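Colleague: One structure, pasted below without further comment.
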Amino acid sequence: MAVAELNPQSATRGSQTGEVVVSVRGLTKVFKDFWGRAKARAVDNVDFEVRRGEVFGLLGPNGSGKSTTVKMMLGLLNPTKGHIEVFGHSPKHVQTKSRIGYLPEESYLYRYLNSRETLDFFGNLFHLPPGERQKRADQLLEMVGLNLTQTRAVGEFSKGMQRRIGLAQALINDPDLVILDEPTAGLDPIGCREVKDLIIALARRGKTVILSSHLLSDVEDVCDRVVIYYGGKVQALGTLKELLATPDAVRITTPVLPRETMERVLEVIRKDVDAGKIRVDNPTQNLESYFLDVVNKARASAETSGAQSGARVAEYLRAGGEEKPATDKLLERLTLPTAAQKVEEAKPVAAAAAVSDSKLAELTKTKPVEPAPAPATPATEAKPAAPAQDLSKANEKLSSLLGGKKP
Amino acid sequence: MQRTLAIVWLTWKAAFRFRLFLVVTVLLLGAVVGLPWMLHDPHFTAQEFTQVQLTYTLSAVTLLLGLATLWLACGTLARDIEECQMQVVVTKPIARWQIWLGKWLGLLSLNAALLTIAGAVIYGQLMFQSHKLDFKQQQVLKNEVLVARGVAREKSVDAEIEAETKRILQERLAKNPVAKADLNEVMKQIREGLKAEVQGVPPGYQRGWKIDLGVARHWLKDQPLFLRVKFNAAEKSPTGTYATMWQVGEPEKTRIWQTESPLRLAPDTFHEIQIPPDLFNSDGTLTILMVNPNPTTLIFPLEDGMEVLYREGGFGLNFIRGLGIIFCWMALFATLGLAASSFLGFNVAAFASLSALVIATLGTGTLTSAVEQGTVMGGNEETGEVGSSIIDGIAIPLFKGILNLINLAKDFSPIDALSTGRSIPLPMLGTAFAQIVLVLCGIMVIFGIWTFSRRELARAQGTQ
C-alpha cells in the first residue's frame with residue numbers, strides 16, 4: 001500500500017495540539033449479500049485521526065470509500081473490522097451526536113416540510129428551546145439565502161437550494177464536528193464560495209470539519225489535511241502543504257513592467273537559470289473569481305426567484321470570529337512555519353495558484369537575502385540591493401492581495 | 001420527550017401533507033353517512049335499523065381505519081429508510097427507540113383523532129335519528145339498543161359435562177376397549193350427547209334455568225329485565241315459528257310472571273322478551289321455566305341460548321368504551337406495520353403484515369384443528385398414536401402459542417356488544433388494553449425497536 005504519511009502532527013493548528021476528535025484504526029467495511037458472501041470491500045484497513053480545529057478532507061474518486069467511511073463515523077454503517085471513536089465514544093453514542101453536524105451527499109430531507117419547518121424539526125431533535133430554534137432558523141435561512149423561500153416545501157427546491165437547506169440543518173446545533181459529504185455538489189459558484197468561506201469560518205472558531213469530496217478545488221481551498229482514497233485504501237495522507245509543495249520553482253507576480261525593466265530582470269535571472277526553464281506570462285484570474293465579480297455587479301440591479309446569495313455567516317456560528325476576512329485563514333495556513341517532510345510515494349500535483357506555499361515560506365524567511373551578482377552591463381544601472389527591495393515589495397503586494405495583512 | 005414529540009409531529013405533518021388524513025376522513029365519513037342510507041329498509045323496526053347501522057358503520061370504520069393504519073405504519077418508517085431521510089435523523093441526538101416510539105405514538109394519535117371523528121359522527125347520527133321517533137319507539141330503542149346492558153347467564157356446566165364424559169368413557173372402556181385412535185371421537189360423541197341432554201327440551205317437557213344476577217340485584221329493583229333467547233328446532237315447522245310458554249319467578253318466594261298465551265318464536269335467531277321488575281329472589285336468583293308444547297325438540301345452546309339482560313348504564317359511555325377496544329386493535333395494526341418495516345422494505349412489509357393479519361383473522365381454523373387433533377402429520381393407524389413425530393413436537397406447541405396470541409386480540413367483540421345494547425364494562429376495556437396493547441403490541445414493539453436499532457440504515461439508496 002502506498003501511503004504518504006506526512007507527519008500529521010505538524011503544519012496545522014488542529015493537528016499540533018488539539019484533542020483527537022475522530023480516531024479511525026484498522027477500519028474495514030465489507031458489504032455482503034443475503035447469504036453472507038462478500039460483495040465488495042468498500043473500505044480496507046484505514047487509519048487516520050482528525051484533531052480539533054482541523055479541516056480534514058476525504059478525497060478520492062467515486063466509489064473509493066469516502067462516503068462509506070463517513071457513514072461508519074456516523075453510525076449509519078457498522079464496521080466489519082476496526083475501530084472508530086468520535087469524541088472518544090462509539091459513533092452510535094447518542095449524546096455525542098449533539099456535537100455533530102452532518103450534511104449528506106444528497107438532499108435526504110423531508111420533502112413535505114418547508115425550510116423553516118425543517119430547521120424547527122431538527123432543532124427539536126437537539127432539544128433547543130423554541131426561542132433559540134426560531135433565532136437560529138432565522139439566521140441560518142438568511143445565511144444560506146433561503147429567507148425569501150422559507151414557506152416552500154423542500155421537495156420543490158432546486159438541487160442547489162436543497163444543498164443550502166441541508167447545510168443549514170447541519171449547523172442548527174452549532175456543532176463541534178461538521179461532516180460534509182460533497183457539500184458543493186449542485187451549488188452555483190457563489191454558493192460554492194460561500195460554503196468554503198463558511199468552512200473556514202467554522203475552523204477559525206475551533207470547529208472540526210471533515211469534508212468528503214472528489215472536487216479537488218474544494219479540498220485545496222479549505223483543507224488543512226487530506227486523506228486520499230482509492231479502492232477503499234488510503235493512498236496518501238498529510239497536510240496540503242506537504243503534499244502540494246514544489247520547492248524547486250518560484251513565481252513572481254508584478255504589475256506590467258516596461259520592456260527594458262523586464263529585459264533587465266530576465267537577464268539577471270538567466271545568469272542562474274537556463275533560459276528554457278524560465279516562463280513569462282500574464283497571470284489570469286480564475287473563472288470562479290471572474291464569475292463572482294460579474295454576479296456581484298449584476299446583483300445590485302436584478303432580482304431572482306431562486307436562492308439568494310447567502311448573507312453573513314449566522315451570528316451564533318460567528319461568535320466574534322469574523323473580524324478577520326476569510327482569506328486570513330488561507331494566509332495563516334500558508335505562512336505557518338512547517339517542518340519540511342519528504343513525501344513517500346505520493347504524487348503531488350504542481351500547484352497552479354498565483355502564490356505557492358514554498359514561495360511564501362521563502363518570502364517570509366528572516367534570514368537576509370543574498371545580494372544578486374553585479375549586472376552584466378552598466379546600461380541597466382542595477383544596484384546590488386535591488387532584488388531584495390523588489391522581493392520586499394512583492395511580499396507586501398501578496399500580503400495585500402491575501403487580506404491586507406503583513407505576514 | 002421533546003425529541004419523541006418531534007417525530008410524532010413529523011408523522012402528523014406527513015399524514016396531512018400527503019392528504020392521507022383528508023382522504024381517510026372522507027372515506028370514513030362516506031361510510032358512516034352513506035351506509036345507513038344504502039341499508040335503509042322500510043320493513044326494519046327502529047331497533048333493527050339501529051342494530052344494522054351500528055354493525056355496518058363500525059365494521060366499515062374498523063376495516064378502513066385498519067387498512068389505512070397498516071399502510072401508513074409500513075410507509076412512515078420504511079419510506080424514511082428507503083428515501084434516506086432516516087440517515088439524517090439518526091445522526092441527531094435521538095435514540096433509535098425514541099424514533100420508533102415517536103412514529104408509533106404519531107400513528108396512535110392519528111388513529112385516535114380519526115376514530116373520534118368517525119365515532120362522533122356515528123353517535124350524532126344515532127341521536128338525531130332517535131329524536132325523530134315517537135316517544136314510545138324512543139323508549140324501546142333506549143331500552144334495547146342505545147343502552148349498556150349487563151348480561152347474566154346460567155352457571156357453566158362445562159366442568160360437570162367433562163367429568164361425566166370421562167366417567168362414561170371409563171365405563172365403556174371397561175366393558176368394551178376402544179382403539180386409541182378412536183378415543184377422541186368416542187369422547188366427542190359422549191360429550192355431544194351429554195350437551196344435547198342439557199340443551200334439548202323434548203315435546204311436552206319443560207326446561208328450567210336458575211340465573212344468578214349477582215351484585216346487580218341491588219340496583220335492579222323496579223327495573224324491567226330482558227330475556228335474550230335463541231333456540232334451534234330438531235324439525236322444521238310449517239309456519240316457521242314454534243310456540244313457547246314461559247314462567248319467570250319462584251313460587252311462594254317472588255312474584256310470578258307467565259305468558260298468557262303461547263309465544264310464537266322463530267328458531268335460529270335471537271329474541272328479546274321483556275319481563276316485569278322484581279321477579280328474582282333475595283339472593284338475586286332469577287328462575288325461568290320454559291314449556292315446549294311443540295311436537296319437536298327445541299334446543300337452547302348452552303353458550304347463548306338463554307341470557308338475562310339488565311340495564312347497567314347509558315349508551316354514550318358504552319360507545320366510548322367500545323371505540324376504546326377498536327382503538328386497541330388499531331394500535332395492534334400500527335405496531336404490526338412498524339415492526340415489519342423495521343427490517344423490511346415498504347412493499348414487502350405491507351404485504352407481510354397484511355398477510356399476517358388475514359391469516360390471523362381467517363386462518364385460525366386450520367391451527368385450531370391441528371391443535372385439537374394433536375398432530376399435523378396424522379396419526380399412526382395401527383398404534384393409534386398421534387403427535388409423536390419431531391414435526392408435531394415443534395408444530396403443535398408453536399400453533400398453540402400462535403393461537404393463544406391471536407386469541408388475545410380476538411377475545412373481544414365490541415361491535416356486536418354495541419349493536420345488541422350489551423355493556424362493555426371498564427374491566428373488559430382494561431383487559432383488552434392489557435392483552436392487546438401491553439402484551440401483543442409490547443412484544444412487537446420490543447422486536448421492532450431491536451431490529452431497527454441493529455439495522456444499517458445507510459445501506460438503502462435514495463429513491464427520491
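Letters A, B, ... go to the chains of the C-alpha cells in the order shown; residues in each chain start at 1; ligands are counted from 1 in the same order.
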Can you check which residues of chain A have any atom within 6 Å of chain B? Use only C-alpha atoms and format it as a VMD selection string.
Modeller: chain A and resid 76 to 77 94 to 95 97 to 98 108 to 109 124 to 125
Colleague: Just want the 8 Å neighbourhood of segment 59-73 of chain A, counted on only C-alpha atoms, with same-chain residues fewer than 6 positions away dropped. Output as JSON, numbers by chain.
Modeller: {"A": [29, 42, 43, 79, 84, 85, 86, 91, 105, 179, 181, 212, 213, 214, 215, 216, 219, 226, 227, 228, 229, 230, 231, 232, 233], "B": [458]}
Colleague: Suppose we keep C-alpha atoms; can you now write the selection as a CSV table (one decimal), in the first residue's frame?
Modeller:
chain,number,residue,atom,x,y,z
A,29,LYS,CA,-16.1,-2.5,5.6
A,42,ALA,CA,-15.5,-0.7,0.3
A,43,VAL,CA,-13.0,0.3,3.0
A,79,PRO,CA,-17.6,-1.6,10.5
A,84,ILE,CA,-13.9,4.3,15.2
A,85,GLU,CA,-14.2,6.8,18.0
A,86,VAL,CA,-15.8,10.2,17.7
A,91,PRO,CA,-20.3,6.6,16.7
A,105,GLU,CA,-24.3,13.6,-0.1
A,179,ILE,CA,-19.2,16.3,8.5
A,181,ASP,CA,-20.3,14.9,2.2
A,212,SER,CA,-15.6,14.4,1.7
A,213,SER,CA,-15.3,15.4,-1.9
A,214,HIS,CA,-14.0,14.4,-5.3
A,215,LEU,CA,-13.7,18.1,-6.3
A,216,LEU,CA,-10.1,18.9,-5.9
A,219,VAL,CA,-10.5,20.4,-0.9
A,226,VAL,CA,-6.3,15.4,3.4
A,227,VAL,CA,-6.5,11.6,3.0
A,228,ILE,CA,-6.7,10.3,-0.5
A,229,TYR,CA,-8.6,7.1,-1.0
A,230,TYR,CA,-8.5,4.7,-3.9
A,231,GLY,CA,-10.1,1.3,-3.9
A,232,GLY,CA,-11.0,1.6,-0.3
A,233,LYS,CA,-7.4,2.1,0.8
B,458,ALA,CA,-27.1,3.7,5.1
Colleague: Please identify all polymer residues within 12 Å of Gln134 of chain A, counting only C-alpha atoms, omitting same-chain residues fewer than 5 positions from it, and present them as a ChimeraX atom specification.
Modeller: /A:116-124,128-129,139-141,172
Colleague: Give me a file of those residues, with N, CA and C atoms, as a PDB file, in the first residue's frame.
Modeller:
ATOM      1  N   ARG A 116     -38.319  26.302   6.897  1.00  0.00           N
ATOM      2  CA  ARG A 116     -38.397  26.688   8.315  1.00  0.00           C
ATOM      3  C   ARG A 116     -38.808  25.499   9.174  1.00  0.00           C
ATOM      4  N   GLU A 117     -39.780  24.733   8.671  1.00  0.00           N
ATOM      5  CA  GLU A 117     -40.217  23.546   9.429  1.00  0.00           C
ATOM      6  C   GLU A 117     -39.072  22.542   9.547  1.00  0.00           C
ATOM      7  N   THR A 118     -38.284  22.429   8.487  1.00  0.00           N
ATOM      8  CA  THR A 118     -37.145  21.504   8.512  1.00  0.00           C
ATOM      9  C   THR A 118     -36.180  21.881   9.642  1.00  0.00           C
ATOM     10  N   LEU A 119     -35.852  23.160   9.713  1.00  0.00           N
ATOM     11  CA  LEU A 119     -34.909  23.600  10.739  1.00  0.00           C
ATOM     12  C   LEU A 119     -35.531  23.467  12.129  1.00  0.00           C
ATOM     13  N   ASP A 120     -36.831  23.747  12.221  1.00  0.00           N
ATOM     14  CA  ASP A 120     -37.500  23.629  13.508  1.00  0.00           C
ATOM     15  C   ASP A 120     -37.520  22.175  13.972  1.00  0.00           C
ATOM     16  N   PHE A 121     -37.772  21.272  13.029  1.00  0.00           N
ATOM     17  CA  PHE A 121     -37.806  19.846  13.361  1.00  0.00           C
ATOM     18  C   PHE A 121     -36.442  19.374  13.882  1.00  0.00           C
ATOM     19  N   PHE A 122     -35.388  19.715  13.130  1.00  0.00           N
ATOM     20  CA  PHE A 122     -34.061  19.262  13.567  1.00  0.00           C
ATOM     21  C   PHE A 122     -33.625  19.980  14.846  1.00  0.00           C
ATOM     22  N   GLY A 123     -34.059  21.233  14.998  1.00  0.00           N
ATOM     23  CA  GLY A 123     -33.769  21.946  16.248  1.00  0.00           C
ATOM     24  C   GLY A 123     -34.388  21.236  17.436  1.00  0.00           C
ATOM     25  N   ASN A 124     -35.580  20.708  17.221  1.00  0.00           N
ATOM     26  CA  ASN A 124     -36.246  19.954  18.290  1.00  0.00           C
ATOM     27  C   ASN A 124     -35.459  18.708  18.662  1.00  0.00           C
ATOM     28  N   LEU A 128     -33.454  22.086  21.443  1.00  0.00           N
ATOM     29  CA  LEU A 128     -33.312  23.536  21.543  1.00  0.00           C
ATOM     30  C   LEU A 128     -34.648  24.135  21.966  1.00  0.00           C
ATOM     31  N   PRO A 129     -34.638  25.130  22.837  1.00  0.00           N
ATOM     32  CA  PRO A 129     -35.899  25.776  23.223  1.00  0.00           C
ATOM     33  C   PRO A 129     -36.490  26.550  22.041  1.00  0.00           C
ATOM     34  N   GLN A 139     -31.397  33.064  11.334  1.00  0.00           N
ATOM     35  CA  GLN A 139     -30.018  33.372  10.936  1.00  0.00           C
ATOM     36  C   GLN A 139     -29.522  32.411   9.854  1.00  0.00           C
ATOM     37  N   LEU A 140     -29.858  31.149  10.024  1.00  0.00           N
ATOM     38  CA  LEU A 140     -29.375  30.171   9.041  1.00  0.00           C
ATOM     39  C   LEU A 140     -30.035  30.369   7.680  1.00  0.00           C
ATOM     40  N   LEU A 141     -31.330  30.640   7.696  1.00  0.00           N
ATOM     41  CA  LEU A 141     -32.026  30.850   6.424  1.00  0.00           C
ATOM     42  C   LEU A 141     -31.453  32.063   5.698  1.00  0.00           C
ATOM     43  N   ILE A 172     -27.547  23.678  12.697  1.00  0.00           N
ATOM     44  CA  ILE A 172     -28.559  24.193  13.636  1.00  0.00           C
ATOM     45  C   ILE A 172     -28.101  24.056  15.090  1.00  0.00           C
TER      46      ILE A 172
END
Colleague: Provide the atom CA of Phe31 of chain A to atom CA of Glu82 of chain B distance in Å, to one decimal place.
Modeller: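 Separating atom CA of Phe31 of chain A from atom CA of Glu82 of chain B is a distance of 17.7 Å.
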Colleague: Can you work out which one of B:Leu183, B:Glu164, B:Asn281, B:Pro202 has the shortest atom-to-atom distance to Gly214 of chain B, counting only C-alpha atoms?
Modeller: B:Asn281
Colleague: How far is it from atom CA of Asn173 of chain A to atom CA of Met161 of chain A, in Å with one decimal?
Modeller: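 Rounded to one decimal, the two atoms are 20.2 Å apart.
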Colleague: Just list the residues in segment 214-396 of chain B DSSP gives strand (DSSP E or B) on the backbone, as a VMD selection string.
Modeller: chain B and resid 225 to 229 232 to 233 242 to 248 257 to 258 263 to 265 271 to 275 285 to 291 298 to 299 306 to 314
Colleague: Can you write just those residues out, N, CA and C atoms, as a CSV table (one decimal), in the first residue's frame?
Modeller:
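The result, stored in out_22.csv:
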chain,number,residue,atom,x,y,z
B,225,LEU,N,-86.4,-6.5,33.1
B,225,LEU,CA,-85.3,-7.3,32.6
B,225,LEU,C,-85.7,-7.8,31.3
B,226,PHE,N,-84.7,-8.3,30.5
B,226,PHE,CA,-84.9,-8.8,29.2
B,226,PHE,C,-84.3,-10.2,29.1
B,227,LEU,N,-85.2,-11.2,28.6
B,227,LEU,CA,-84.7,-12.5,28.4
B,227,LEU,C,-84.2,-12.5,26.9
B,228,ARG,N,-83.0,-12.8,26.7
B,228,ARG,CA,-82.5,-12.9,25.3
B,228,ARG,C,-82.4,-14.4,25.0
B,229,VAL,N,-83.2,-14.8,24.1
B,229,VAL,CA,-83.4,-16.3,23.8
B,229,VAL,C,-83.1,-16.6,22.4
B,232,ASN,N,-82.8,-23.8,18.5
B,232,ASN,CA,-82.8,-24.5,17.3
B,232,ASN,C,-83.9,-25.5,17.4
B,233,ALA,N,-84.5,-25.9,16.3
B,233,ALA,CA,-85.5,-26.9,16.4
B,233,ALA,C,-85.0,-28.2,15.6
B,242,TYR,N,-92.4,-21.5,16.4
B,242,TYR,CA,-92.7,-22.5,17.4
B,242,TYR,C,-93.3,-21.8,18.6
B,243,ALA,N,-94.3,-22.5,19.2
B,243,ALA,CA,-94.9,-22.0,20.4
B,243,ALA,C,-94.0,-22.2,21.6
B,244,THR,N,-94.0,-21.2,22.5
B,244,THR,CA,-93.2,-21.4,23.7
B,244,THR,C,-94.0,-20.8,24.9
B,245,MET,N,-94.0,-21.4,26.0
B,245,MET,CA,-94.7,-20.9,27.2
B,245,MET,C,-93.7,-20.6,28.3
B,246,TRP,N,-93.8,-19.5,28.9
B,246,TRP,CA,-92.8,-19.0,29.8
B,246,TRP,C,-93.4,-18.7,31.2
B,247,GLN,N,-92.6,-19.0,32.2
B,247,GLN,CA,-92.9,-18.5,33.5
B,247,GLN,C,-91.6,-18.1,34.2
B,248,VAL,N,-91.6,-16.9,34.8
B,248,VAL,CA,-90.4,-16.4,35.4
B,248,VAL,C,-90.8,-16.0,36.9
B,257,TRP,N,-94.4,-14.3,36.8
B,257,TRP,CA,-94.9,-13.7,35.5
B,257,TRP,C,-95.0,-14.9,34.6
B,258,GLN,N,-96.1,-14.9,33.9
B,258,GLN,CA,-96.3,-16.0,32.9
B,258,GLN,C,-96.8,-15.5,31.6
B,263,LEU,N,-96.2,-18.1,23.2
B,263,LEU,CA,-95.4,-17.1,22.4
B,263,LEU,C,-94.7,-17.8,21.3
B,264,ARG,N,-95.1,-17.3,20.0
B,264,ARG,CA,-94.5,-18.0,18.9
B,264,ARG,C,-93.2,-17.3,18.5
B,265,LEU,N,-92.2,-18.1,18.4
B,265,LEU,CA,-90.8,-17.5,18.1
B,265,LEU,C,-90.2,-18.3,17.0
B,271,HIS,N,-84.2,-13.5,20.3
B,271,HIS,CA,-85.4,-12.8,20.6
B,271,HIS,C,-85.2,-12.2,22.0
B,272,GLU,N,-85.8,-11.0,22.1
B,272,GLU,CA,-85.8,-10.4,23.4
B,272,GLU,C,-87.2,-10.3,24.0
B,273,ILE,N,-87.3,-10.9,25.2
B,273,ILE,CA,-88.6,-10.9,25.9
B,273,ILE,C,-88.5,-10.0,27.1
B,274,GLN,N,-89.3,-8.9,27.1
B,274,GLN,CA,-89.2,-8.1,28.3
B,274,GLN,C,-90.1,-8.7,29.4
B,275,ILE,N,-89.5,-8.7,30.7
B,275,ILE,CA,-90.3,-9.3,31.8
B,275,ILE,C,-90.4,-8.2,32.9
B,285,THR,N,-81.4,-14.6,42.5
B,285,THR,CA,-81.5,-15.7,41.6
B,285,THR,C,-82.9,-15.5,40.8
B,286,LEU,N,-82.8,-15.6,39.5
B,286,LEU,CA,-84.0,-15.5,38.7
B,286,LEU,C,-84.3,-16.9,38.2
B,287,THR,N,-85.5,-17.3,38.4
B,287,THR,CA,-85.9,-18.7,38.0
B,287,THR,C,-86.7,-18.6,36.7
B,288,ILE,N,-86.3,-19.3,35.7
B,288,ILE,CA,-87.1,-19.2,34.4
B,288,ILE,C,-87.5,-20.6,34.0
B,289,LEU,N,-88.7,-20.7,33.6
B,289,LEU,CA,-89.2,-22.0,33.2
B,289,LEU,C,-89.8,-21.9,31.8
B,290,MET,N,-89.4,-22.9,30.9
B,290,MET,CA,-90.0,-22.8,29.5
B,290,MET,C,-90.6,-24.2,29.2
B,291,VAL,N,-91.9,-24.2,28.8
B,291,VAL,CA,-92.5,-25.4,28.4
B,291,VAL,C,-92.6,-25.5,26.9
B,298,LEU,N,-86.9,-28.7,21.1
B,298,LEU,CA,-86.3,-27.4,21.0
B,298,LEU,C,-84.9,-27.4,21.7
B,299,ILE,N,-83.9,-26.9,21.0
B,299,ILE,CA,-82.5,-26.9,21.6
B,299,ILE,C,-82.1,-25.5,22.0
B,306,MET,N,-79.8,-18.8,26.5
B,306,MET,CA,-80.6,-18.0,27.4
B,306,MET,C,-79.7,-17.0,28.1
B,307,GLU,N,-80.0,-15.8,28.0
B,307,GLU,CA,-79.3,-14.7,28.7
B,307,GLU,C,-80.3,-13.8,29.3
B,308,VAL,N,-79.9,-13.2,30.4
B,308,VAL,CA,-80.8,-12.2,31.0
B,308,VAL,C,-80.0,-10.9,30.9
B,309,LEU,N,-80.7,-9.9,30.3
B,309,LEU,CA,-80.0,-8.6,30.1
B,309,LEU,C,-80.7,-7.6,31.0
B,310,TYR,N,-79.9,-6.8,31.6
B,310,TYR,CA,-80.4,-5.7,32.5
B,310,TYR,C,-79.6,-4.4,32.3
B,311,ARG,N,-80.2,-3.3,32.6
B,311,ARG,CA,-79.6,-2.0,32.3
B,311,ARG,C,-78.4,-1.8,33.3
B,312,GLU,N,-77.3,-1.5,32.7
B,312,GLU,CA,-76.1,-1.2,33.5
B,312,GLU,C,-75.7,0.3,33.4
B,313,GLY,N,-76.0,0.9,32.3
B,313,GLY,CA,-75.5,2.3,32.1
B,313,GLY,C,-76.0,2.8,30.8
B,314,GLY,N,-75.6,4.0,30.5
B,314,GLY,CA,-76.1,4.7,29.3
B,314,GLY,C,-75.3,4.3,28.1
Colleague: Which residues are near Ile415 of chain B? Cut-off 7 Å, only C-alpha atoms, ignore same chain within fewer than 3 positions. Put them as number ranges by chain.
Modeller: B: 55, 58, 418-419
Colleague: May I have the residues from that selection written out with C-alpha atoms, as a PDB file, in the first residue's frame?
Modeller:
ATOM      1  CA  THR B  55     -72.835  -3.120  12.976  1.00  0.00           C
ATOM      2  CA  LEU B  58     -68.470   0.327  12.997  1.00  0.00           C
ATOM      3  CA  LEU B 418     -72.754  -2.221  20.950  1.00  0.00           C
ATOM      4  CA  SER B 419     -75.245  -3.309  18.319  1.00  0.00           C
TER       5      SER B 419
END
Colleague: May I have the residues within 7 Å of Val222 of chain A as a list of chain:residue names, using only C-alpha atoms and disregarding those fewer than 5 positions away in the same chain?
Modeller: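 Selected residues are A:Val55, A:Lys196, A:Ile200.
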